[in-house]
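Structure below is data_37.cif: mmCIF, C-alpha atoms.
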```cif
data_upload
#
loop_
_atom_site.label_atom_id
_atom_site.label_comp_id
_atom_site.auth_asym_id
_atom_site.auth_seq_id
_atom_site.Cartn_x
_atom_site.Cartn_y
_atom_site.Cartn_z
CA MET A 1 12.61 23.57 33.15
CA SER A 2 9.80 21.27 32.01
CA ALA A 3 9.48 19.99 28.44
CA ASP A 4 7.00 21.88 26.24
CA TRP A 5 4.99 19.02 24.75
CA ASP A 6 1.37 18.49 23.74
CA GLN A 7 1.01 14.86 24.82
CA LEU A 8 2.98 12.04 26.39
CA VAL A 9 2.51 8.26 26.14
CA VAL A 10 3.97 6.28 29.06
CA ASN A 11 3.88 2.72 30.42
CA VAL A 12 4.50 1.48 26.90
CA ASN A 13 7.03 -0.52 24.90
CA LEU A 14 8.22 1.02 21.63
CA ALA A 15 8.82 -0.94 18.44
CA THR A 16 10.27 2.01 16.57
CA MET A 17 11.11 0.28 13.23
CA GLY A 18 13.97 2.76 13.18
CA PRO A 19 17.51 3.11 14.56
CA ALA A 20 16.37 2.95 18.19
CA GLY A 21 15.00 -0.57 17.73
CA ASN A 22 12.76 -1.78 20.54
CA VAL A 23 12.58 0.25 23.75
CA LEU A 24 11.09 -1.52 26.77
CA ASP A 25 9.29 0.51 29.45
CA GLY A 26 9.52 3.54 27.24
CA ALA A 27 7.76 6.82 26.64
CA LEU A 28 7.03 9.02 23.64
CA ALA A 29 6.14 12.70 23.47
CA VAL A 30 4.28 14.60 20.75
CA LYS A 31 4.50 18.28 19.84
CA ASP A 32 2.63 19.93 16.94
CA GLY A 33 1.70 16.57 15.44
CA LYS A 34 5.26 15.26 15.37
CA ILE A 35 7.32 13.03 17.61
CA ALA A 36 9.29 15.31 19.94
CA TRP A 37 10.99 12.78 22.23
CA LEU A 38 11.22 9.04 22.80
CA GLY A 39 13.26 6.82 25.04
CA LYS A 40 13.26 5.01 28.35
CA LYS A 41 10.64 6.28 30.77
CA ASP A 42 13.22 6.82 33.50
CA GLU A 43 15.13 9.20 31.19
CA LEU A 44 12.22 11.64 30.85
CA PRO A 45 12.99 15.28 31.62
CA ALA A 46 10.92 17.31 34.05
CA LEU A 47 7.26 17.41 33.00
CA ASP A 48 4.58 20.06 33.06
CA PRO A 49 2.00 18.81 35.60
CA LEU A 50 -0.77 19.77 33.16
CA LEU A 51 0.67 17.75 30.27
CA PRO A 52 -1.90 15.22 28.95
CA VAL A 53 -0.59 11.71 29.58
CA VAL A 54 -1.76 8.50 27.91
CA ASP A 55 -1.28 5.26 29.84
CA GLY A 56 -0.17 2.59 27.39
CA ARG A 57 -1.04 -0.14 29.92
CA GLY A 58 2.08 -2.10 29.08
CA GLY A 59 1.19 -2.46 25.40
CA TRP A 60 3.34 -1.93 22.32
CA LEU A 61 3.47 1.32 20.36
CA LEU A 62 4.32 0.97 16.67
CA PRO A 63 4.32 3.35 13.72
CA GLY A 64 0.97 3.44 11.95
CA PHE A 65 0.85 0.74 9.30
CA ILE A 66 1.17 1.74 5.63
CA ASP A 67 -0.63 -0.07 2.82
CA CYS A 68 1.55 0.91 -0.14
CA HIS A 69 -0.32 -0.90 -2.96
CA THR A 70 -4.12 -0.89 -3.32
CA HIS A 71 -6.75 -0.56 -6.04
CA ILE A 72 -9.40 0.39 -3.52
CA VAL A 73 -11.61 2.53 -5.79
CA TYR A 74 -13.64 0.40 -8.19
CA GLY A 75 -17.20 -0.37 -9.16
CA GLY A 76 -19.18 -3.58 -8.97
CA SER A 77 -18.22 -7.00 -7.62
CA ARG A 78 -16.63 -10.10 -9.09
CA ALA A 79 -17.98 -12.55 -6.53
CA ARG A 80 -19.94 -14.36 -9.25
CA GLU A 81 -16.73 -14.76 -11.26
CA PHE A 82 -15.08 -16.21 -8.15
CA ALA A 83 -17.90 -18.72 -7.81
CA LEU A 84 -17.66 -19.68 -11.49
CA ARG A 85 -13.93 -20.34 -11.18
CA LEU A 86 -14.57 -22.63 -8.23
CA GLU A 87 -17.13 -24.46 -10.34
CA GLY A 88 -14.49 -25.11 -12.99
CA ALA A 89 -14.94 -22.27 -15.48
CA SER A 90 -11.77 -21.17 -17.30
CA TYR A 91 -10.55 -17.58 -17.54
CA GLU A 92 -11.51 -17.56 -21.22
CA GLU A 93 -15.03 -18.77 -20.44
CA ILE A 94 -15.44 -16.13 -17.76
CA ALA A 95 -14.16 -13.41 -20.10
CA LYS A 96 -16.58 -14.50 -22.85
CA ALA A 97 -19.40 -14.31 -20.31
CA GLY A 98 -18.48 -10.67 -19.62
CA GLY A 99 -16.23 -11.25 -16.61
CA GLY A 100 -12.62 -10.38 -15.93
CA ILE A 101 -11.09 -6.95 -15.56
CA MET A 102 -13.33 -5.45 -18.25
CA SER A 103 -16.40 -6.17 -16.13
CA THR A 104 -14.86 -4.00 -13.41
CA VAL A 105 -14.01 -1.33 -15.99
CA ARG A 106 -17.62 -1.25 -17.18
CA ALA A 107 -18.98 -1.07 -13.64
CA THR A 108 -16.50 1.64 -12.65
CA ARG A 109 -17.33 3.77 -15.67
CA GLU A 110 -21.05 3.45 -14.92
CA GLU A 111 -20.92 4.27 -11.20
CA ASP A 112 -20.99 7.87 -10.02
CA GLU A 113 -18.45 9.35 -7.64
CA GLU A 114 -20.71 9.08 -4.61
CA SER A 115 -21.20 5.35 -5.08
CA LEU A 116 -17.49 4.77 -5.67
CA TYR A 117 -16.68 6.86 -2.61
CA HIS A 118 -18.92 4.87 -0.26
CA SER A 119 -17.72 1.43 -1.39
CA ALA A 120 -14.06 2.50 -1.19
CA ARG A 121 -14.65 4.14 2.19
CA ALA A 122 -15.82 0.82 3.64
CA ARG A 123 -12.58 -0.82 2.53
CA LEU A 124 -10.56 2.06 3.86
CA ARG A 125 -12.36 1.89 7.21
CA ALA A 126 -11.47 -1.80 7.49
CA LEU A 127 -7.81 -0.85 7.10
CA LEU A 128 -8.15 1.96 9.65
CA ASP A 129 -9.50 -0.50 12.20
CA GLU A 130 -6.25 -2.46 11.77
CA GLY A 131 -3.98 0.50 12.47
CA VAL A 132 -3.35 1.54 8.86
CA THR A 133 -2.70 5.28 8.79
CA THR A 134 -1.42 5.72 5.21
CA VAL A 135 -2.85 4.13 2.05
CA GLU A 136 -1.79 4.31 -1.59
CA ILE A 137 -4.76 4.23 -3.99
CA LYS A 138 -4.30 3.47 -7.68
CA SER A 139 -6.67 4.24 -10.52
CA GLY A 140 -6.74 1.80 -13.44
CA TYR A 141 -10.35 0.71 -13.70
CA GLY A 142 -11.46 3.64 -15.82
CA LEU A 143 -9.09 3.29 -18.79
CA GLU A 144 -10.40 6.53 -20.26
CA LEU A 145 -9.64 10.06 -19.15
CA GLU A 146 -12.93 10.97 -17.48
CA ALA A 147 -13.27 7.67 -15.64
CA GLU A 148 -9.63 7.78 -14.46
CA ARG A 149 -10.16 11.35 -13.28
CA LYS A 150 -13.28 10.24 -11.44
CA CYS A 151 -11.46 7.49 -9.56
CA LEU A 152 -8.57 9.76 -8.59
CA ARG A 153 -10.96 12.49 -7.44
CA VAL A 154 -12.66 9.92 -5.21
CA ALA A 155 -9.26 8.94 -3.82
CA ARG A 156 -8.44 12.57 -3.06
CA LEU A 157 -11.85 13.01 -1.38
CA LEU A 158 -11.19 9.97 0.80
CA GLY A 159 -8.00 11.67 1.92
CA GLU A 160 -10.01 14.74 2.92
CA GLN A 161 -12.83 12.89 4.66
CA MET A 162 -11.03 9.97 6.30
CA PRO A 163 -8.30 10.16 8.97
CA GLN A 164 -5.69 8.36 6.87
CA ARG A 165 -3.04 9.90 4.67
CA ILE A 166 -3.80 9.04 1.03
CA ARG A 167 -1.30 8.86 -1.84
CA THR A 168 -2.71 8.52 -5.33
CA THR A 169 -1.19 6.71 -8.32
CA PHE A 170 -2.28 6.97 -11.95
CA LEU A 171 -2.46 3.47 -13.45
CA GLY A 172 -3.90 4.21 -16.88
CA ALA A 173 -1.60 1.51 -18.31
CA HIS A 174 -3.36 -1.24 -16.36
CA ALA A 175 -5.01 -3.05 -19.28
CA VAL A 176 -6.07 -2.41 -22.87
CA PRO A 177 -9.71 -1.23 -22.89
CA ALA A 178 -12.21 -2.91 -25.20
CA GLU A 179 -12.30 0.03 -27.59
CA TYR A 180 -8.54 -0.38 -28.22
CA LYS A 181 -8.52 -4.17 -28.42
CA GLY A 182 -5.82 -5.26 -30.85
CA ASP A 183 -4.10 -1.86 -30.81
CA PRO A 184 -2.32 -1.40 -27.48
CA ASP A 185 0.16 1.06 -28.97
CA ALA A 186 -2.64 3.47 -29.79
CA TYR A 187 -3.94 3.19 -26.23
CA ILE A 188 -0.47 3.85 -24.79
CA ASP A 189 -0.28 6.95 -26.99
CA LEU A 190 -3.57 8.09 -25.45
CA VAL A 191 -2.23 7.46 -21.95
CA CYS A 192 1.00 9.35 -22.61
CA ASP A 193 -0.24 12.20 -24.79
CA GLN A 194 -3.59 13.03 -23.20
CA MET A 195 -4.48 11.20 -20.00
CA LEU A 196 -1.27 11.49 -18.02
CA PRO A 197 -0.59 15.17 -18.81
CA ALA A 198 -4.17 16.13 -17.93
CA ILE A 199 -4.13 14.23 -14.64
CA ALA A 200 -0.73 15.63 -13.71
CA ALA A 201 -1.87 19.18 -14.52
CA GLU A 202 -4.86 18.75 -12.21
CA GLY A 203 -2.70 17.46 -9.36
CA LEU A 204 -4.64 14.21 -9.11
CA ALA A 205 -1.68 11.83 -8.95
CA ASP A 206 1.41 11.54 -6.77
CA ALA A 207 2.97 8.80 -8.92
CA VAL A 208 2.50 6.80 -12.14
CA ASP A 209 2.27 3.01 -12.41
CA ALA A 210 1.98 0.46 -15.25
CA PHE A 211 1.42 -3.28 -15.66
CA CYS A 212 4.38 -4.75 -17.55
CA GLU A 213 3.42 -8.31 -18.47
CA GLY A 214 2.56 -10.44 -21.46
CA VAL A 215 -1.12 -9.89 -20.63
CA GLY A 216 -0.44 -6.20 -19.98
CA PHE A 217 2.10 -3.96 -21.69
CA SER A 218 5.52 -4.52 -23.22
CA LEU A 219 8.82 -3.07 -22.05
CA GLU A 220 8.76 -0.47 -24.81
CA GLN A 221 5.19 0.57 -24.06
CA THR A 222 6.04 0.80 -20.37
CA ARG A 223 9.11 2.90 -21.18
CA LYS A 224 6.88 5.38 -23.03
CA VAL A 225 4.66 5.71 -19.95
CA PHE A 226 7.68 6.26 -17.71
CA GLU A 227 9.11 8.89 -20.05
CA ALA A 228 5.77 10.72 -20.01
CA ALA A 229 5.74 10.52 -16.21
CA ARG A 230 9.25 11.93 -16.05
CA GLN A 231 8.19 14.80 -18.30
CA ALA A 232 5.27 15.46 -15.97
CA GLY A 233 7.57 15.42 -12.94
CA LEU A 234 6.00 12.33 -11.36
CA PRO A 235 7.85 9.33 -9.87
CA VAL A 236 7.07 5.85 -11.18
CA LYS A 237 6.16 2.43 -9.80
CA LEU A 238 5.62 -0.84 -11.66
CA HIS A 239 3.62 -4.08 -11.55
CA ALA A 240 6.38 -6.43 -12.71
CA GLU A 241 7.45 -10.05 -12.92
CA GLN A 242 4.16 -11.42 -11.58
CA LEU A 243 3.49 -13.97 -14.31
CA SER A 244 6.74 -13.98 -16.29
CA ASN A 245 10.10 -12.23 -16.44
CA LEU A 246 10.08 -9.46 -19.04
CA GLY A 247 12.78 -7.41 -17.32
CA GLY A 248 10.34 -4.78 -16.11
CA SER A 249 12.10 -4.38 -12.78
CA ALA A 250 15.39 -3.46 -14.45
CA LEU A 251 13.55 -0.94 -16.63
CA ALA A 252 11.87 0.54 -13.56
CA ALA A 253 15.22 0.73 -11.80
CA SER A 254 16.65 2.73 -14.70
CA PHE A 255 13.95 5.33 -13.97
CA LYS A 256 14.71 5.26 -10.21
CA ALA A 257 11.26 3.81 -9.53
CA LEU A 258 9.89 4.05 -6.01
CA SER A 259 8.90 0.39 -6.11
CA VAL A 260 8.41 -2.72 -8.20
CA ASP A 261 5.54 -4.92 -7.09
CA HIS A 262 4.59 -8.64 -7.20
CA LEU A 263 7.98 -10.05 -8.37
CA GLU A 264 7.39 -13.80 -8.28
CA TYR A 265 9.51 -14.24 -11.44
CA LEU A 266 12.19 -11.66 -10.60
CA ASP A 267 15.75 -12.83 -11.36
CA GLU A 268 19.08 -11.89 -9.79
CA ALA A 269 19.92 -9.35 -12.50
CA GLY A 270 16.67 -7.53 -11.79
CA ILE A 271 17.35 -7.71 -8.06
CA LYS A 272 20.78 -6.15 -8.50
CA ALA A 273 19.27 -3.38 -10.61
CA ILE A 274 16.62 -2.43 -8.07
CA LYS A 275 19.14 -2.60 -5.23
CA ASP A 276 21.44 -0.18 -7.04
CA SER A 277 18.56 2.23 -7.75
CA GLY A 278 17.18 2.23 -4.20
CA THR A 279 13.89 0.77 -5.43
CA VAL A 280 11.70 -1.15 -2.96
CA ALA A 281 10.41 -4.66 -3.66
CA VAL A 282 6.71 -4.80 -2.74
CA LEU A 283 5.39 -8.28 -1.96
CA LEU A 284 1.69 -9.01 -2.44
CA PRO A 285 0.82 -12.31 -0.76
CA GLY A 286 -2.93 -11.73 -1.10
CA ALA A 287 -2.82 -12.09 -4.88
CA PHE A 288 -0.46 -15.07 -4.59
CA TYR A 289 -2.95 -16.74 -2.24
CA PHE A 290 -6.12 -15.83 -4.11
CA LEU A 291 -4.77 -16.98 -7.48
CA ARG A 292 -3.34 -20.16 -5.96
CA GLU A 293 0.09 -19.35 -7.33
CA THR A 294 2.98 -21.68 -6.56
CA LYS A 295 6.05 -19.69 -7.64
CA LEU A 296 7.40 -17.78 -4.66
CA PRO A 297 9.23 -14.47 -4.95
CA PRO A 298 13.02 -14.95 -4.75
CA MET A 299 13.24 -14.26 -1.02
CA ALA A 300 16.76 -15.57 -0.49
CA LEU A 301 18.16 -13.40 -3.30
CA LEU A 302 16.30 -10.32 -2.10
CA ARG A 303 17.82 -10.83 1.34
CA LYS A 304 21.26 -11.60 -0.10
CA HIS A 305 21.35 -8.26 -1.91
CA GLY A 306 19.76 -6.29 0.91
CA VAL A 307 16.73 -5.10 -1.04
CA PRO A 308 14.13 -3.48 1.22
CA MET A 309 10.90 -5.48 1.11
CA ALA A 310 7.49 -3.95 1.68
CA ILE A 311 4.21 -5.82 2.04
CA ALA A 312 0.75 -4.65 0.96
CA THR A 313 -2.80 -5.86 0.43
CA ASP A 314 -3.18 -5.21 -3.33
CA ILE A 315 -6.91 -4.75 -2.58
CA ASN A 316 -8.71 -5.25 -5.90
CA PRO A 317 -11.87 -7.04 -7.05
CA GLY A 318 -10.25 -9.70 -9.22
CA THR A 319 -7.12 -11.07 -7.58
CA SER A 320 -6.98 -9.81 -3.98
CA PRO A 321 -10.37 -8.74 -2.54
CA LEU A 322 -8.80 -8.76 0.93
CA SER A 323 -9.04 -5.56 2.96
CA SER A 324 -6.75 -6.66 5.79
CA LEU A 325 -3.11 -5.73 6.19
CA LEU A 326 -2.89 -7.87 9.34
CA LEU A 327 -3.84 -10.87 7.19
CA MET A 328 -1.05 -9.89 4.78
CA LEU A 329 1.44 -9.89 7.67
CA ASN A 330 0.42 -13.45 8.48
CA MET A 331 0.45 -14.53 4.82
CA GLY A 332 3.80 -12.84 4.28
CA CYS A 333 5.24 -14.98 7.05
CA THR A 334 3.45 -18.25 6.28
CA LEU A 335 3.47 -18.14 2.46
CA PHE A 336 6.58 -16.08 1.67
CA ARG A 337 8.63 -17.12 4.73
CA LEU A 338 9.21 -13.58 5.94
CA THR A 339 10.41 -13.23 9.50
CA THR A 340 8.07 -11.29 11.76
CA GLU A 341 10.57 -8.41 11.83
CA GLU A 342 10.69 -8.34 8.03
CA ALA A 343 6.90 -8.36 7.82
CA LEU A 344 6.47 -5.54 10.33
CA LYS A 345 9.13 -3.41 8.66
CA GLY A 346 7.46 -4.24 5.36
CA ALA A 347 4.25 -2.60 6.57
CA THR A 348 6.01 0.40 8.13
CA ILE A 349 9.40 1.85 7.17
CA HIS A 350 9.84 -0.07 3.92
CA ALA A 351 6.26 0.66 2.87
CA ALA A 352 6.94 4.35 3.54
CA GLN A 353 10.01 4.11 1.31
CA ALA A 354 7.87 2.51 -1.43
CA LEU A 355 5.81 5.72 -1.41
CA GLY A 356 8.78 8.07 -1.13
CA MET A 357 7.61 9.10 2.35
CA GLN A 358 10.30 7.59 4.56
CA GLU A 359 11.42 11.01 5.81
CA GLN A 360 7.93 11.73 7.20
CA ILE A 361 6.43 8.43 8.34
CA GLY A 362 7.14 4.71 8.77
CA SER A 363 9.12 4.71 12.01
CA LEU A 364 9.01 6.24 15.46
CA GLU A 365 11.76 8.86 15.26
CA VAL A 366 12.03 12.40 16.54
CA GLY A 367 10.84 14.84 13.87
CA LYS A 368 8.59 12.37 12.06
CA GLN A 369 4.82 12.57 11.98
CA ALA A 370 3.17 11.11 15.07
CA ASP A 371 1.33 8.37 13.18
CA MET A 372 1.17 5.72 15.89
CA ALA A 373 -0.76 2.61 16.85
CA LEU A 374 -1.02 1.24 20.38
CA TRP A 375 -1.51 -2.53 20.47
CA ALA A 376 -2.56 -4.70 23.41
CA VAL A 377 -0.06 -7.46 22.60
CA SER A 378 2.72 -9.13 24.55
CA GLU A 379 5.22 -8.67 21.70
CA PRO A 380 5.10 -7.22 18.16
CA ALA A 381 5.33 -10.69 16.57
CA GLU A 382 1.77 -11.31 17.80
CA LEU A 383 0.54 -9.01 15.03
CA CYS A 384 1.88 -11.50 12.47
CA TYR A 385 1.10 -14.66 14.42
CA GLN A 386 -2.56 -14.16 15.31
CA PHE A 387 -5.38 -13.19 13.00
CA GLY A 388 -9.05 -12.49 13.71
CA VAL A 389 -8.60 -10.80 17.09
CA ARG A 390 -8.12 -7.08 16.70
CA PRO A 391 -5.82 -5.91 19.51
CA LEU A 392 -5.65 -2.25 18.46
CA SER A 393 -6.16 -0.01 21.51
CA GLN A 394 -5.55 3.52 20.23
CA LEU A 395 -4.51 5.15 16.97
CA TRP A 396 -3.10 8.57 16.14
CA VAL A 397 -2.51 10.31 12.81
CA GLY A 398 -0.32 13.38 13.04
CA GLY A 399 -0.69 13.30 16.81
CA LYS A 400 -4.48 13.42 16.64
CA GLU A 401 -6.29 10.43 18.10
CA VAL A 402 -8.64 8.65 15.71
CA SER A 403 -12.12 8.32 17.19
CA GLY A 404 -13.92 5.00 17.37
CA ILE A 405 -10.73 2.98 17.92
CA ARG A 406 -10.07 3.19 21.66
CA ARG A 407 -10.63 0.03 23.68
#
```

In structure tokens, what does this structure look like?
Amino acid sequence: MSADWDQLVVNVNLATMGPAGNVLDGALAVKDGKIAWLGKKDELPALDPLLPVVDGRGGWLLPGFIDCHTHIVYGGSRAREFALRLEGASYEEIAKAGGGIMSTVRATREEDEESLYHSARARLRALLDEGVTTVEIKSGYGLELEAERKCLRVARLLGEQMPQRIRTTFLGAHAVPAEYKGDPDAYIDLVCDQMLPAIAAEGLADAVDAFCEGVGFSLEQTRKVFEAARQAGLPVKLHAEQLSNLGGSALAASFKALSVDHLEYLDEAGIKAIKDSGTVAVLLPGAFYFLRETKLPPMALLRKHGVPMAIATDINPGTSPLSSLLLMLNMGCTLFRLTTEEALKGATIHAAQALGMQEQIGSLEVGKQADMALWAVSEPAELCYQFGVRPLSQLWVGGKEVSGIRR
């Protein structure tokens, strides 16, 4: 009896990022948008002669990439600020001239949803062209209820209009807005008592994030945000240990955070805490590169304790205006000394775990969503090694081929 499938990919090598490892000369079948079978081609059961078959032409089939940390919805540009920094201007001088994060906040508040949608869509399309099938989008450039709502509505609309899966994160505790300058506690009260409950009630966020740093929010202020998130039934994530070590990762671990992100100043105590809580360490080499940082994340300790490491673009206008996950794979290897296997798992199964989606996506396994990318490469490491040539041949999300990709 022939297998009842919707589609079959043959003449392909599989880099599953799961228990099956790499399968040479393999095949993969799809049924109802999910992976129904995978293995060696010569182990295929009898086939329906009318079954649609895709010839992989000897390429490599990987899970669709996952960008698990972006700030893709924002207004304006900070290219002029970038130029001023290169000309020698200090952060303080740029801020006095109206630059910095507050310039993005002003621009985001002023732009309407249509404008924000179209600029974010261009960034999202760039990721799609690199095989990215799932993207997390944070708010955090509104810093008031209506503007935060606006950004999250745009993110939800992108999920409806674009092929990718979109997860949204409320990052109201990103910075202290100008109207609360000198009184961050009052702003955190606004976030916890009004903004977060309203956004949760409207179903606009899948998770809650905060920026725990000396230039952001304290441990106690972050704890208040996490407690409000818990009350709203939302999981948490955290920007932590980017510029200093405040112990944010250990706090996040105590709330069973999905991920802690940046982590250049993370210590071994924090690493042990996130390992015990099942929290993912998200590495952001784009910000490290763009800011010319020199302190590397503690890679050896993360490996020693077996902490899963994800990698993401951190797309944002101020510190990582880089809409390329393939570039992050290369930077992760060259700057952070990741192996190619670590980098690829960081953009697939570990990135899925950082979003709490590892049961649905992130690896090629029977029963998971058929989010798949076919690459014309000789081996998966080529995706980390080479940049500038886009070898993506075909892309599927939930078993449906994405148009405009095929080569």

Looking at A:Gly278, A:Gly233, A:Gly356, A:Gly216, which one is nearest to Ala201 (chain A), with distances taken over only C-alpha atoms?
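Closest candidate: A:Gly233.
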
d(CA of Gly76 (chain A), CA of Ala122 (chain A)) in Å:
13.8 Å

Would you work out the distance separating CA of Lys304 (chain A) from CA of Cys212 (chain A), expressed in Å to one decimal?
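Going from CA of Lys304 (chain A) over to CA of Cys212 (chain A) covers 25.2 Å.
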
Exactly which residues make up the result of the PyMOL selection byres ((chain A and resi 188) around 9) on this file, given as a list in words?
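On the file shown, the PyMOL selection byres ((chain A and resi 188) around 9) covers Gly172, Ala173, Val176, Pro184, Asp185, Ala186, Tyr187, Asp189, Leu190, Val191, Cys192, Asp193, Phe217, Gln221, Thr222, Lys224 and Val225 of chain A.
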
Report as number ranges by chain all protein, DNA and RNA residues lying within 12 Å of Met357 (chain A), evaluated on only C-alpha atoms, omitting residues in the same chain fewer than 2 positions from it.
A: 66, 68, 134-136, 165-167, 206, 258, 348-355, 359-363, 368-369

Expressed in Å to a single decimal, how great is the separation between CA of Glu293 (chain A) and CA of Val236 (chain A)?
26.4 Å

With region 46-59 of chain A as the partner and 10 Å as the cut-off, tabulate the residues of region 362-399 of chain A that qualify, each row holding the nearest pair of atoms and their distance in Å to one decimal, using all atoms listed in the file, sorted by chain and rising number, as CSV.
```
residue,atom,partner,partner_atom,distance
A:Leu374,CA,A:Gly59,CA,6.6
A:Trp375,CA,A:Gly59,CA,5.6
A:Ala376,CA,A:Gly59,CA,4.8
A:Val377,CA,A:Gly59,CA,5.9
A:Ser378,CA,A:Gly59,CA,6.9
A:Glu379,CA,A:Gly59,CA,8.3
A:Pro380,CA,A:Gly59,CA,9.5
A:Pro391,CA,A:Gly59,CA,9.8
A:Leu392,CA,A:Gly59,CA,9.7
A:Ser393,CA,A:Gly59,CA,8.7
A:Gln394,CA,A:Gly56,CA,9.0
```

Result set, the PyMOL selection byres ((chain A and resi 32) around 9) on current file, as JSON, numbers by chain:
{"A": [5, 6, 30, 31, 33, 34, 35, 36, 398, 399]}

Hey, which bits of region 46-118 of chain A sit within 7 Å of region 313-321 of chain A, and for each residue what's the closest pair of atoms and how far apart in Å (one decimal), counting all atoms listed in the file, rows by chain and increasing number, as CSV?
```
residue,atom,partner,partner_atom,distance
A:Asp67,CA,A:Thr313,CA,6.6
A:His69,CA,A:Asp314,CA,5.2
A:Thr70,CA,A:Asp314,CA,4.4
A:His71,CA,A:Asn316,CA,5.1
A:Ile72,CA,A:Ile315,CA,5.8
A:Ser77,CA,A:Pro317,CA,6.4
A:Arg78,CA,A:Pro317,CA,6.0
A:Ile101,CA,A:Gly318,CA,7.0
```

Matched chain/residue IDs from the PyMOL selection byres ((chain A and resi 148-152) around 7), as number ranges by chain
A: 73, 113, 139-140, 142-147, 153-156, 168, 199, 204

Selection export as a compact mmCIF listing (two decimals), in the coordinates of the input, atoms kept: C-alpha atoms:
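Contents of selection38.txt, freshly written:
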```
# COMPACT_ATOMS: atom_id res chain seq x y z
CA VAL A 73 -11.61 2.53 -5.79
CA GLU A 113 -18.45 9.35 -7.64
CA SER A 139 -6.67 4.24 -10.52
CA GLY A 140 -6.74 1.80 -13.44
CA GLY A 142 -11.46 3.64 -15.82
CA LEU A 143 -9.09 3.29 -18.79
CA GLU A 144 -10.40 6.53 -20.26
CA LEU A 145 -9.64 10.06 -19.15
CA GLU A 146 -12.93 10.97 -17.48
CA ALA A 147 -13.27 7.67 -15.64
CA ARG A 153 -10.96 12.49 -7.44
CA VAL A 154 -12.66 9.92 -5.21
CA ALA A 155 -9.26 8.94 -3.82
CA ARG A 156 -8.44 12.57 -3.06
CA THR A 168 -2.71 8.52 -5.33
CA ILE A 199 -4.13 14.23 -14.64
CA LEU A 204 -4.64 14.21 -9.11
```

Test item: residues at most 7 Å from Ala310 (chain A), only C-alpha atoms, excluding those fewer than 2 positions along its chain, as a ChimeraX atom specification:
/A:280-283,308,312,346-347,350-351

Any idea what's packed within 12 Å of Leu246 (chain A), counting all atoms listed in the file, ignoring anything in its chain fewer than 5 positions away? Could you give it as a list in words?
Phe211, Cys212, Glu213, Gly214, Val215, Gly216, Phe217, Ser218, Leu219, Glu220, Thr222, His239, Ala240, Glu241, Leu251, Ala252, Leu263, Glu264, Tyr265, Leu266, Asp267, Ala269 and Gly270 of chain A

Counting all atoms listed in the file, the option among A:Asp276, A:Glu130, A:Asp25, A:Glu81 closest to Gly100 (chain A)
A:Glu81
